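Dumped structure.txt below, it's compact mmCIF, C-alpha atoms and all ligand atoms:
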```txt
# COMPACT_ATOMS: atom_id res chain seq x y z
CA MET A 171 0.00 0.00 0.00
CA ARG A 172 1.35 3.41 -0.96
CA ILE A 173 0.64 6.42 1.24
CA SER A 174 3.21 9.05 0.15
CA ASP A 175 0.45 11.04 -1.59
CA ASN A 176 -1.95 10.71 1.34
CA PRO A 177 -2.30 13.85 3.52
CA VAL A 178 -1.40 11.64 6.48
CA ALA A 179 2.23 11.52 5.23
CA THR A 180 2.92 15.12 6.36
CA LYS A 181 1.38 14.52 9.78
CA LEU A 182 3.43 11.36 10.22
CA LYS A 183 6.60 13.34 9.51
CA GLU A 184 5.65 15.78 12.29
CA LEU A 185 5.49 12.75 14.62
CA GLU A 186 9.06 11.79 13.58
CA VAL A 187 7.84 8.81 11.59
CA GLU A 188 10.07 7.99 8.64
CA LEU A 189 8.21 6.85 5.54
CA ARG A 190 10.13 4.40 3.36
CA PRO A 191 8.27 3.89 0.11
CA GLY A 192 7.97 0.56 -1.69
CA VAL A 193 10.00 -1.78 0.49
CA ALA A 194 10.24 -5.47 -0.45
CA LEU A 195 9.54 -7.35 2.77
CA SER A 196 11.40 -10.36 1.40
CA ALA A 197 14.51 -8.41 2.47
CA HIS A 198 13.16 -8.20 6.04
CA THR A 199 12.16 -11.80 6.65
CA SER A 200 14.38 -14.77 7.43
CA LEU A 201 12.44 -16.80 4.84
CA GLY A 202 13.28 -14.22 2.15
CA ILE A 203 9.59 -14.15 1.22
CA GLY A 204 7.17 -11.22 1.25
CA GLY A 205 5.63 -8.61 -1.06
CA THR A 206 6.13 -4.87 -1.31
CA THR A 207 4.63 -1.99 0.66
CA ASP A 208 5.42 1.35 2.28
CA GLU A 209 7.17 1.09 5.61
CA LEU A 210 6.88 3.43 8.58
CA LEU A 211 9.73 3.66 11.04
CA LEU A 212 8.50 4.88 14.44
CA ARG A 213 11.28 6.76 16.18
CA ARG A 214 9.29 7.75 19.28
CA TYR A 215 7.31 5.29 21.38
CA ASP A 216 5.19 8.05 22.92
CA SER A 217 3.81 8.98 19.52
CA ILE A 218 2.54 5.46 18.75
CA PRO A 219 -1.06 6.03 20.01
CA GLU A 220 -1.31 9.14 17.84
CA VAL A 221 0.17 7.38 14.80
CA MET A 222 -2.35 4.58 15.23
CA ARG A 223 -5.23 7.04 15.51
CA LEU A 224 -4.04 8.83 12.37
CA LEU A 225 -3.84 5.62 10.36
CA ALA A 226 -7.26 4.52 11.61
CA SER A 227 -8.81 7.91 10.74
CA GLN A 228 -7.62 7.49 7.14
CA GLY A 229 -8.63 3.81 6.98
CA ILE A 230 -5.00 2.76 6.39
CA PRO A 231 -4.48 -0.88 7.42
CA HIS A 232 -1.17 -1.63 9.10
CA ARG A 233 0.89 -4.46 10.57
CA PHE A 234 3.85 -4.33 12.91
CA LEU A 235 6.93 -6.22 11.75
CA GLY A 236 9.54 -7.18 14.33
CA GLY A 237 12.58 -9.29 13.49
CA GLY A 238 10.71 -11.03 10.64
CA THR A 239 11.96 -14.46 11.68
CA ASN A 240 8.67 -16.23 12.39
CA VAL A 241 6.41 -14.80 9.74
CA LEU A 242 5.34 -15.88 6.25
CA ILE A 243 4.18 -12.86 4.24
CA THR A 244 2.09 -13.02 1.09
CA ASP A 245 3.48 -12.09 -2.35
CA GLY A 246 2.90 -9.02 -4.53
CA GLU A 247 1.73 -5.51 -3.59
CA LEU A 248 0.53 -5.70 0.01
CA PRO A 249 -2.74 -4.07 1.08
CA TRP A 250 -1.31 -2.65 4.31
CA VAL A 251 1.66 -0.57 5.48
CA THR A 252 4.20 -2.11 7.82
CA LEU A 253 5.35 -0.40 10.98
CA HIS A 254 8.77 -0.84 12.56
CA LEU A 255 10.49 0.22 15.74
CA PRO A 256 14.07 1.42 15.25
CA SER A 257 16.49 -1.41 15.98
CA THR A 258 19.80 0.42 15.92
CA LYS A 259 21.16 0.86 19.44
CA PRO A 260 18.16 -0.51 21.36
CA GLY A 261 18.23 0.28 25.07
CA MET A 262 19.51 -2.43 27.45
CA SER A 263 20.48 -1.85 31.08
CA ILE A 264 20.90 -3.83 34.29
CA GLU A 265 19.83 -3.03 37.84
CA GLY A 266 20.68 -5.86 40.24
CA ASN A 267 18.94 -8.96 38.87
CA ILE A 268 16.67 -6.94 36.62
CA ALA A 269 17.36 -6.37 32.92
CA HIS A 270 15.52 -3.54 31.13
CA VAL A 271 15.45 -4.23 27.38
CA ASP A 272 13.84 -2.55 24.39
CA ALA A 273 11.62 -4.89 22.38
CA SER A 274 13.49 -4.08 19.18
CA ALA A 275 16.73 -5.54 20.58
CA GLU A 276 17.97 -8.73 19.03
CA LEU A 277 17.21 -11.70 21.29
CA GLY A 278 20.72 -13.23 21.13
CA GLY A 279 22.29 -9.82 21.83
CA MET A 280 20.13 -9.52 24.94
CA VAL A 281 21.16 -12.96 26.23
CA THR A 282 24.88 -12.13 25.85
CA PHE A 283 24.45 -8.65 27.34
CA CYS A 284 22.84 -10.18 30.43
CA ALA A 285 25.52 -12.90 30.56
CA LYS A 286 28.22 -10.22 30.71
CA HIS A 287 26.49 -8.95 33.85
CA ASP A 288 26.45 -12.47 35.33
CA LEU A 289 22.72 -12.91 34.72
CA GLY A 290 21.74 -16.26 33.22
CA GLY A 291 18.75 -18.55 32.73
CA MET A 292 18.21 -17.76 29.08
CA GLU A 293 21.09 -19.80 27.63
CA GLY A 294 18.68 -21.96 25.59
CA LEU A 295 17.41 -18.90 23.73
CA ILE A 296 20.80 -17.91 22.34
CA GLY A 297 20.32 -19.30 18.82
CA VAL A 298 16.68 -18.31 18.47
CA PRO A 299 16.65 -15.62 15.78
CA GLY A 300 14.47 -12.54 16.06
CA SER A 301 13.71 -9.60 18.29
CA VAL A 302 12.92 -9.52 22.00
CA GLY A 303 9.42 -8.26 21.12
CA GLY A 304 8.74 -11.21 18.84
CA ALA A 305 10.08 -13.60 21.46
CA LEU A 306 7.73 -12.09 24.08
CA ARG A 307 4.68 -12.26 21.82
CA MET A 308 5.27 -15.94 20.96
CA ASN A 309 6.83 -16.90 24.29
CA ALA A 310 9.85 -18.16 22.37
CA GLY A 311 11.58 -21.14 23.86
CA ALA A 312 14.25 -23.75 23.30
CA TYR A 313 16.14 -26.35 25.30
CA GLY A 314 13.90 -26.07 28.33
CA THR A 315 13.93 -22.27 28.53
CA GLN A 316 11.08 -19.94 27.66
CA ILE A 317 11.30 -16.18 27.87
CA GLY A 318 7.96 -15.83 29.69
CA SER A 319 9.41 -17.40 32.85
CA TYR A 320 11.58 -14.31 33.42
CA VAL A 321 9.16 -11.51 32.53
CA ARG A 322 8.36 -9.13 35.38
CA GLU A 323 6.85 -6.27 33.38
CA VAL A 324 6.06 -5.41 29.78
CA GLU A 325 5.51 -1.93 28.39
CA LEU A 326 3.34 -2.08 25.31
CA TYR A 327 0.94 -0.30 23.02
CA ARG A 328 -2.41 -1.90 23.76
CA ALA A 329 -4.65 -2.12 20.75
CA LEU A 330 -7.77 -2.36 22.95
CA SER A 331 -7.27 0.92 24.81
CA GLY A 332 -5.25 2.63 22.09
CA GLU A 333 -2.77 3.69 24.80
CA LEU A 334 0.66 2.75 26.13
CA GLU A 335 0.36 0.50 29.16
CA THR A 336 2.55 -1.47 31.54
CA LEU A 337 1.53 -5.03 32.38
CA ARG A 338 2.92 -7.04 35.26
CA GLY A 339 4.35 -10.44 34.38
CA ASN A 340 1.77 -12.15 36.62
CA ASP A 341 -1.04 -10.62 34.58
CA ILE A 342 0.24 -12.10 31.31
CA ARG A 343 -0.31 -15.74 30.36
CA PHE A 344 2.70 -17.42 28.82
CA ASP A 345 1.89 -20.85 27.36
CA TYR A 346 3.70 -23.03 24.82
CA ARG A 347 4.35 -20.64 21.91
CA HIS A 348 1.28 -18.65 22.91
CA THR A 349 0.57 -15.64 25.13
CA SER A 350 -2.41 -13.61 26.26
CA PHE A 351 -1.28 -10.53 24.29
CA ALA A 352 -3.77 -9.41 21.62
CA PRO A 353 -2.54 -9.92 18.03
CA ASP A 354 -2.22 -6.17 17.48
CA ASP A 355 -0.58 -5.28 20.81
CA VAL A 356 2.91 -3.88 20.25
CA MET A 357 5.71 -4.84 22.61
CA LEU A 358 7.91 -1.85 23.51
CA ARG A 359 10.08 -2.68 26.54
CA VAL A 360 10.48 -5.54 28.97
CA LYS A 361 11.76 -5.90 32.48
CA LEU A 362 13.20 -9.39 33.12
CA GLU A 363 14.26 -10.82 36.47
CA LEU A 364 17.14 -13.24 35.96
CA PRO A 365 19.09 -15.58 38.23
CA SER A 366 22.72 -14.66 39.08
CA LYS A 367 25.19 -16.98 37.41
CA PRO A 368 28.92 -16.63 36.69
CA PHE A 369 29.67 -15.54 33.11
CA LYS A 370 31.81 -18.61 32.40
CA ASP A 371 28.98 -20.99 33.42
CA ILE A 372 26.53 -19.15 31.19
CA VAL A 373 28.96 -19.33 28.28
CA ALA A 374 29.38 -23.08 28.84
CA GLY A 375 25.57 -23.51 28.74
CA ILE A 376 25.34 -21.41 25.58
CA LYS A 377 28.01 -23.55 23.94
CA VAL A 378 26.08 -26.76 24.64
CA CYS A 379 22.86 -25.31 23.17
CA ASN A 380 24.70 -23.99 20.12
CA GLU A 381 26.21 -27.39 19.45
CA LYS A 382 22.84 -29.14 19.75
CA ARG A 383 21.29 -26.61 17.42
CA ARG A 384 24.09 -26.85 14.85
CA ALA A 385 23.77 -30.63 14.85
CA SER A 386 20.03 -30.70 14.19
CA GLN A 387 18.85 -27.49 12.48
CA PRO A 388 19.49 -25.96 9.03
CA LEU A 389 21.09 -22.80 10.40
CA GLY A 390 22.60 -21.40 7.21
CA GLN A 391 19.38 -21.63 5.20
CA LYS A 392 16.44 -19.29 4.84
CA SER A 393 13.73 -20.50 7.21
CA ALA A 394 11.28 -19.33 9.86
CA GLY A 395 12.38 -21.92 12.38
CA CYS A 396 9.80 -24.61 13.08
CA ILE A 397 6.74 -24.33 10.85
CA PHE A 398 4.36 -26.28 13.09
CA LYS A 399 3.88 -26.37 16.85
CA ASN A 400 4.57 -29.72 18.40
CA PRO A 401 1.30 -31.52 19.16
CA PRO A 402 0.82 -32.39 22.86
CA GLY A 403 3.28 -35.14 23.74
CA GLY A 404 4.56 -35.44 20.16
CA SER A 405 7.14 -34.06 17.77
CA ALA A 406 6.04 -32.54 14.47
CA GLY A 407 9.61 -32.88 13.12
CA ARG A 408 9.78 -36.59 13.87
CA MET A 409 6.32 -37.25 12.37
CA ILE A 410 7.17 -35.44 9.13
CA ASP A 411 10.57 -37.15 8.97
CA GLU A 412 9.00 -40.59 9.48
CA LEU A 413 6.76 -39.95 6.48
CA GLY A 414 9.93 -39.61 4.38
CA LEU A 415 9.24 -35.98 3.59
CA LYS A 416 12.71 -34.45 4.06
CA GLY A 417 13.55 -32.77 0.75
CA HIS A 418 9.86 -32.77 -0.32
CA ARG A 419 9.16 -29.53 -2.20
CA MET A 420 6.63 -27.28 -3.87
CA GLY A 421 8.53 -24.97 -6.20
CA ASP A 422 11.45 -23.68 -4.15
CA ALA A 423 9.75 -24.26 -0.79
CA MET A 424 11.32 -27.38 0.68
CA VAL A 425 11.16 -29.50 3.82
CA SER A 426 14.69 -29.20 5.22
CA ASP A 427 16.81 -32.30 4.88
CA ARG A 428 18.28 -31.60 8.33
CA HIS A 429 15.16 -30.99 10.42
CA ALA A 430 11.77 -31.92 8.99
CA ASN A 431 9.85 -29.20 10.88
CA PHE A 432 11.97 -26.49 9.23
CA PHE A 433 10.73 -25.54 5.77
CA VAL A 434 13.35 -23.65 3.80
CA ASN A 435 13.37 -21.27 0.87
CA ALA A 436 15.75 -23.19 -1.37
CA GLY A 437 15.90 -20.52 -4.07
CA ALA A 438 13.16 -18.12 -5.03
CA ALA A 439 10.21 -19.61 -3.16
CA SER A 440 6.98 -17.60 -3.14
CA CYS A 441 4.53 -17.43 -0.27
CA ALA A 442 2.16 -19.46 -2.43
CA ASP A 443 4.78 -22.26 -2.73
CA MET A 444 5.32 -22.26 1.02
CA LEU A 445 1.58 -22.32 1.77
CA LYS A 446 1.11 -25.25 -0.63
CA LEU A 447 3.91 -27.15 1.08
CA ILE A 448 2.46 -26.42 4.54
CA ALA A 449 -1.01 -27.59 3.46
CA ASP A 450 0.36 -30.71 1.79
CA VAL A 451 2.49 -31.77 4.77
CA ARG A 452 -0.34 -31.02 7.21
CA GLU A 453 -2.67 -33.23 5.17
CA ARG A 454 -0.16 -36.08 4.99
CA VAL A 455 0.37 -35.99 8.75
CA ARG A 456 -3.40 -35.86 9.30
CA LEU A 457 -3.95 -38.93 7.10
CA ALA A 458 -1.10 -40.86 8.76
CA HIS A 459 -1.64 -39.86 12.40
CA GLY A 460 -5.08 -38.28 12.64
CA ILE A 461 -3.41 -35.13 14.03
CA GLU A 462 -4.00 -31.66 12.60
CA LEU A 463 -0.72 -29.79 13.03
CA GLU A 464 -1.09 -26.16 14.04
CA ASN A 465 1.09 -23.44 12.47
CA GLU A 466 3.87 -22.07 14.60
CA VAL A 467 4.81 -19.61 11.87
CA ILE A 468 2.55 -16.56 11.65
CA VAL A 469 0.99 -16.12 8.20
CA TRP A 470 0.20 -12.64 6.87
CA GLN A 471 -2.26 -12.91 4.01
CA ASN A 472 -4.63 -10.33 2.55
N1 LIG B 1 13.40 -35.48 14.98
C1 LIG B 1 13.46 -36.39 13.95
N2 LIG B 1 13.58 -35.88 12.68
C2 LIG B 1 13.65 -34.55 12.41
C3 LIG B 1 13.57 -33.65 13.48
C4 LIG B 1 13.45 -34.14 14.76
O1 LIG B 1 13.40 -37.58 14.15
O2 LIG B 1 13.75 -34.20 11.24
C5 LIG B 1 13.30 -36.01 16.35
C6 LIG B 1 14.57 -35.70 17.14
O3 LIG B 1 15.55 -36.71 16.95
C7 LIG B 1 14.06 -35.65 18.57
C8 LIG B 1 12.63 -35.13 18.41
O4 LIG B 1 12.27 -35.33 17.05
O5 LIG B 1 14.00 -36.95 19.11
C9 LIG B 1 12.52 -33.65 18.78
O6 LIG B 1 13.39 -32.91 17.93
P1 LIG B 1 14.18 -31.59 18.43
O7 LIG B 1 14.97 -31.93 19.65
O8 LIG B 1 14.89 -31.03 17.25
O9 LIG B 1 13.09 -30.63 18.94
P2 LIG B 1 11.74 -30.15 18.26
O10 LIG B 1 10.64 -30.55 19.16
O11 LIG B 1 11.64 -30.55 16.84
C10 LIG B 1 11.68 -27.89 19.53
C11 LIG B 1 11.26 -26.52 19.16
C12 LIG B 1 12.41 -25.76 18.52
C13 LIG B 1 13.59 -25.74 19.48
C14 LIG B 1 13.98 -27.19 19.81
C15 LIG B 1 15.08 -27.26 20.86
C16 LIG B 1 8.91 -26.48 18.56
C17 LIG B 1 7.92 -26.54 17.45
N3 LIG B 1 10.18 -26.60 18.20
O12 LIG B 1 11.95 -28.58 18.32
O13 LIG B 1 11.98 -24.43 18.31
O14 LIG B 1 14.69 -25.08 18.89
O15 LIG B 1 12.83 -27.86 20.37
O16 LIG B 1 14.56 -26.93 22.11
O17 LIG B 1 8.54 -26.31 19.72
C18 LIG B 1 10.92 -22.91 16.83
O18 LIG B 1 10.17 -22.64 17.74
O19 LIG B 1 10.85 -22.34 15.71
C19 LIG B 1 11.94 -23.93 17.04
C20 LIG B 1 12.75 -24.32 16.09
```
Can you turn what I pasted into structure tokens?
Amino acid sequence: MRISDNPVATKLKELEVELRPGVALSAHTSLGIGGTTDELLLRRYDSIPEVMRLLASQGIPHRFLGGGTNVLITDGELPWVTLHLPSTKPGMSIEGNIAHVDASAELGGMVTFCAKHDLGGMEGLIGVPGSVGGALRMNAGAYGTQIGSYVREVELYRALSGELETLRGNDIRFDYRHTSFAPDDVMLRVKLELPSKPFKDIVAGIKVCNEKRRASQPLGQKSAGCIFKNPPGGSAGRMIDELGLKGHRMGDAMVSDRHANFFVNAGAASCADMLKLIADVRERVRLAHGIELENEVIVWQN
């Protein structure tokens, strides 16, 4: 969606919003898939409610894009604008066992920053790509760690009230790859309470997780991590693997030959290719196991 000619463009500038016309979102997603639209970079958190009101008043649909590592975006000209928080030099500071981190910070960078201050617990999250905000929204987890366990407070833009709010960790539900945040809430800052741990022990834990990940996941390839959630008590990756589907493809969308729950863009895959592959694998698993796998990846379609 193009809004440079819309009167709203001037007002957005006054709110220190940078308008970047015609951006290919394939360059902003780890899958390398996604159509084109205008992008708005929000430099001031306090202006977000006003920006949202402006967009709503002009009937301009929008979506917030974080790290782009767990999202599959449709092809072509997109019927919405994307909003971004600036990710250069995100704020991170420590006060005792509390870490204050901007949601636009990179998750791995946050884990190492905390480690340098002898705060651990999040070693398992080190190789999870994406932003802190995305990790909060999905309650990202790996190797027995999930970010939700450490959340004490989240500052966010709440879609329901249209205002900035602060939620206490106890008032947020963090389940397996699911939280009680509304889909259009926007994470801004988090306060985490972390256990004290010597730097060298944290580094040793990080090394173990990195090795496990390198041994089992297609790290160098374009993917969105696991495509499906694990069904209760089961493993989507194992089920897909047992059906002999590693290397199975639709166009350039392919089931990874390293980890069957990672679907990779093996060339110039479109969103349509990836959706066909997801539907096909889901159907094969349903026929074989009677289980309907649920997407872990978030799909943005028209
Ligand atoms: N397995 C196979 N074949 C495969 C993949 C896995 O047989 O192709 C088997 C493994 O040998 C193992 C079992 O399935 O016995 C589970 O595999 P793995 O340890 O790789 O864990 P997972 O359940 O597939 C989950 C998360 C990952 C996270 C890892 C490590 C989900 C959907 N996936 O994978 O998270 O990195 O555990 O903790 O919860 C993600 O969320 O995007 C993600 C990749």
What separation in Å, quoted to one decimal, exists between atom CA of Gly421 of chain A and atom CA of Leu248 of chain A?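 Result for atom CA of Gly421 of chain A versus atom CA of Leu248 of chain A: 21.8 Å, one decimal.
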Please identify all protein, DNA and RNA residues within 8 Å of ligand LIG 1 (chain B), counting only C-alpha atoms and all ligand atoms, and report them as a PyMOL selection string. chain A and resi 240+294+298+310-315+346-347+383+386-387+394-400+404-412+416+426-432+466-467
If I put a ball of radius 7 Å at (3.3, 0.7, 14.5) in the file's coordinates, which residues poke into it when counting all atoms listed in the file, written as a PyMOL selection string? chain A and resi 212+218+222+233-234+253-254
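Ranking A:Lys183, A:Arg172, A:Arg214, A:His418 by their shortest atom-to-atom distance to Leu255 of chain A, with all atoms listed in the file included, puts A:Arg214 first.
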Which residues are near Asp355 of chain A? Cut-off 8 Å, only C-alpha atoms, ignore same chain within fewer than 6 positions. Put them as a tab-separated table (two decimals) with C-alpha atoms, in the frame of the given file.
```
chain	number	residue	atom	x	y	z
A	326	LEU	CA	3.34	-2.08	25.31
A	327	TYR	CA	0.94	-0.30	23.02
A	328	ARG	CA	-2.41	-1.90	23.76
A	329	ALA	CA	-4.65	-2.12	20.75
```
Suppose you want the space between atom CA of Gly303 of chain A and atom CA of Arg384 of chain A; what is it in Å?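 Atom-to-atom, atom CA of Gly303 of chain A and atom CA of Arg384 of chain A are spaced 24.5 Å apart.
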Which value, in Å to one decimal, gives the distance between atom CA of Cys379 of chain A and atom CA of Ser263 of chain A? 24.9 Å
Considering only C-alpha atoms, give me a table of residues in segment 244-304 of chain A that are at most 12 Å from segment 361-369 of chain A, with the closest atom pair and distance in Å for each, as JSON lines.
```
{"residue": "A:Gly261", "atom": "CA", "partner": "A:Lys361", "partner_atom": "CA", "distance": 11.6}
{"residue": "A:Met262", "atom": "CA", "partner": "A:Lys361", "partner_atom": "CA", "distance": 9.9}
{"residue": "A:Ser263", "atom": "CA", "partner": "A:Lys361", "partner_atom": "CA", "distance": 9.7}
{"residue": "A:Ile264", "atom": "CA", "partner": "A:Lys361", "partner_atom": "CA", "distance": 9.5}
{"residue": "A:Glu265", "atom": "CA", "partner": "A:Glu363", "partner_atom": "CA", "distance": 9.7}
{"residue": "A:Gly266", "atom": "CA", "partner": "A:Glu363", "partner_atom": "CA", "distance": 8.9}
{"residue": "A:Asn267", "atom": "CA", "partner": "A:Leu364", "partner_atom": "CA", "distance": 5.5}
{"residue": "A:Ile268", "atom": "CA", "partner": "A:Glu363", "partner_atom": "CA", "distance": 4.6}
{"residue": "A:Ala269", "atom": "CA", "partner": "A:Leu362", "partner_atom": "CA", "distance": 5.1}
{"residue": "A:His270", "atom": "CA", "partner": "A:Lys361", "partner_atom": "CA", "distance": 4.6}
{"residue": "A:Val271", "atom": "CA", "partner": "A:Lys361", "partner_atom": "CA", "distance": 6.5}
{"residue": "A:Asp272", "atom": "CA", "partner": "A:Lys361", "partner_atom": "CA", "distance": 9.0}
{"residue": "A:Ala273", "atom": "CA", "partner": "A:Lys361", "partner_atom": "CA", "distance": 10.2}
{"residue": "A:Met280", "atom": "CA", "partner": "A:Leu362", "partner_atom": "CA", "distance": 10.7}
{"residue": "A:Val281", "atom": "CA", "partner": "A:Leu364", "partner_atom": "CA", "distance": 10.5}
{"residue": "A:Thr282", "atom": "CA", "partner": "A:Phe369", "partner_atom": "CA", "distance": 9.3}
{"residue": "A:Phe283", "atom": "CA", "partner": "A:Phe369", "partner_atom": "CA", "distance": 10.4}
{"residue": "A:Cys284", "atom": "CA", "partner": "A:Leu364", "partner_atom": "CA", "distance": 8.5}
{"residue": "A:Ala285", "atom": "CA", "partner": "A:Phe369", "partner_atom": "CA", "distance": 5.5}
{"residue": "A:Lys286", "atom": "CA", "partner": "A:Phe369", "partner_atom": "CA", "distance": 6.0}
{"residue": "A:His287", "atom": "CA", "partner": "A:Phe369", "partner_atom": "CA", "distance": 7.4}
{"residue": "A:Asp288", "atom": "CA", "partner": "A:Phe369", "partner_atom": "CA", "distance": 5.0}
{"residue": "A:Leu289", "atom": "CA", "partner": "A:Ser366", "partner_atom": "CA", "distance": 4.7}
{"residue": "A:Gly290", "atom": "CA", "partner": "A:Lys367", "partner_atom": "CA", "distance": 5.5}
{"residue": "A:Gly291", "atom": "CA", "partner": "A:Pro365", "partner_atom": "CA", "distance": 6.3}
{"residue": "A:Met292", "atom": "CA", "partner": "A:Leu364", "partner_atom": "CA", "distance": 8.3}
{"residue": "A:Glu293", "atom": "CA", "partner": "A:Lys367", "partner_atom": "CA", "distance": 11.0}
{"residue": "A:Val302", "atom": "CA", "partner": "A:Leu362", "partner_atom": "CA", "distance": 11.1}
{"residue": "A:Gly303", "atom": "CA", "partner": "A:Lys361", "partner_atom": "CA", "distance": 11.8}
```
Determine the nearest neighbour of Leu201 of chain A from the options A:Arg343, A:Arg452, A:Arg338, A:Lys392, counting all atoms listed in the file.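 Result for the nearest residue to Leu201 of chain A: A:Lys392.
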Which neighbours of Ser440 of chain A fall inside 10 Å, counting only C-alpha atoms, when residues of the same chain fewer than 2 positions from it are skipped, and could you give them as a VMD selection string? chain A and resid 196 201 to 205 242 to 246 420 to 423 435 437 to 438 442 to 446
Which polymer residues have any atom within 7 Å of an atom of Thr206 of chain A, counting only C-alpha atoms, with same-chain residues fewer than 6 positions away left out, as a PyMOL selection string? chain A and resi 192-195+246-248
Out of A:Glu186, A:Ile230, A:Ala449, A:Asp208, which residue has the shortest atom-to-atom distance to Ser174 of chain A when counting only C-alpha atoms? A:Asp208
Residue among A:Pro402, A:Val425, A:Glu184, A:Ala436 lying closest to Ile461 of chain A, counting only C-alpha atoms: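 Under the stated criterion, the closest residue is A:Pro402.
Distances here use all atoms listed in the file; by that measure, the residue among A:Glu381, A:Glu464, A:Glu333, A:Glu209 closest to Pro231 of chain A is A:Glu209.
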Distance criterion (all atoms listed in the file): nearest to Gly390 of chain A out of A:Leu225, A:Met171, A:Ile448, A:Val434: A:Val434
Mind working out the centre and edge lengths of an axis-aligned box for segment 273-290 of chain A, all listed atoms inside, 6 Å added to each side, rounded to one decimal in Å and written as lines of an AutoDock Vina configuration file?
```
center_x = 19.9
center_y = -10.2
center_z = 27.2
size_x = 28.6
size_y = 24.2
size_z = 28.3
```
Residues within 12 Å of Ile173 of chain A, please, as a VMD selection string. Count only C-alpha atoms; anything in the same chain fewer than 2 positions from it doesn't count. chain A and resid 171 175 to 182 189 to 192 207 to 210 225 228 to 232 249 to 252
Please provide the set of residues having any atom within 8 Å of Phe344 of chain A, restricted to all atoms listed in the file, with same-chain residues fewer than 3 positions apart removed, written as number ranges by chain. A: 309, 318-319, 347-350
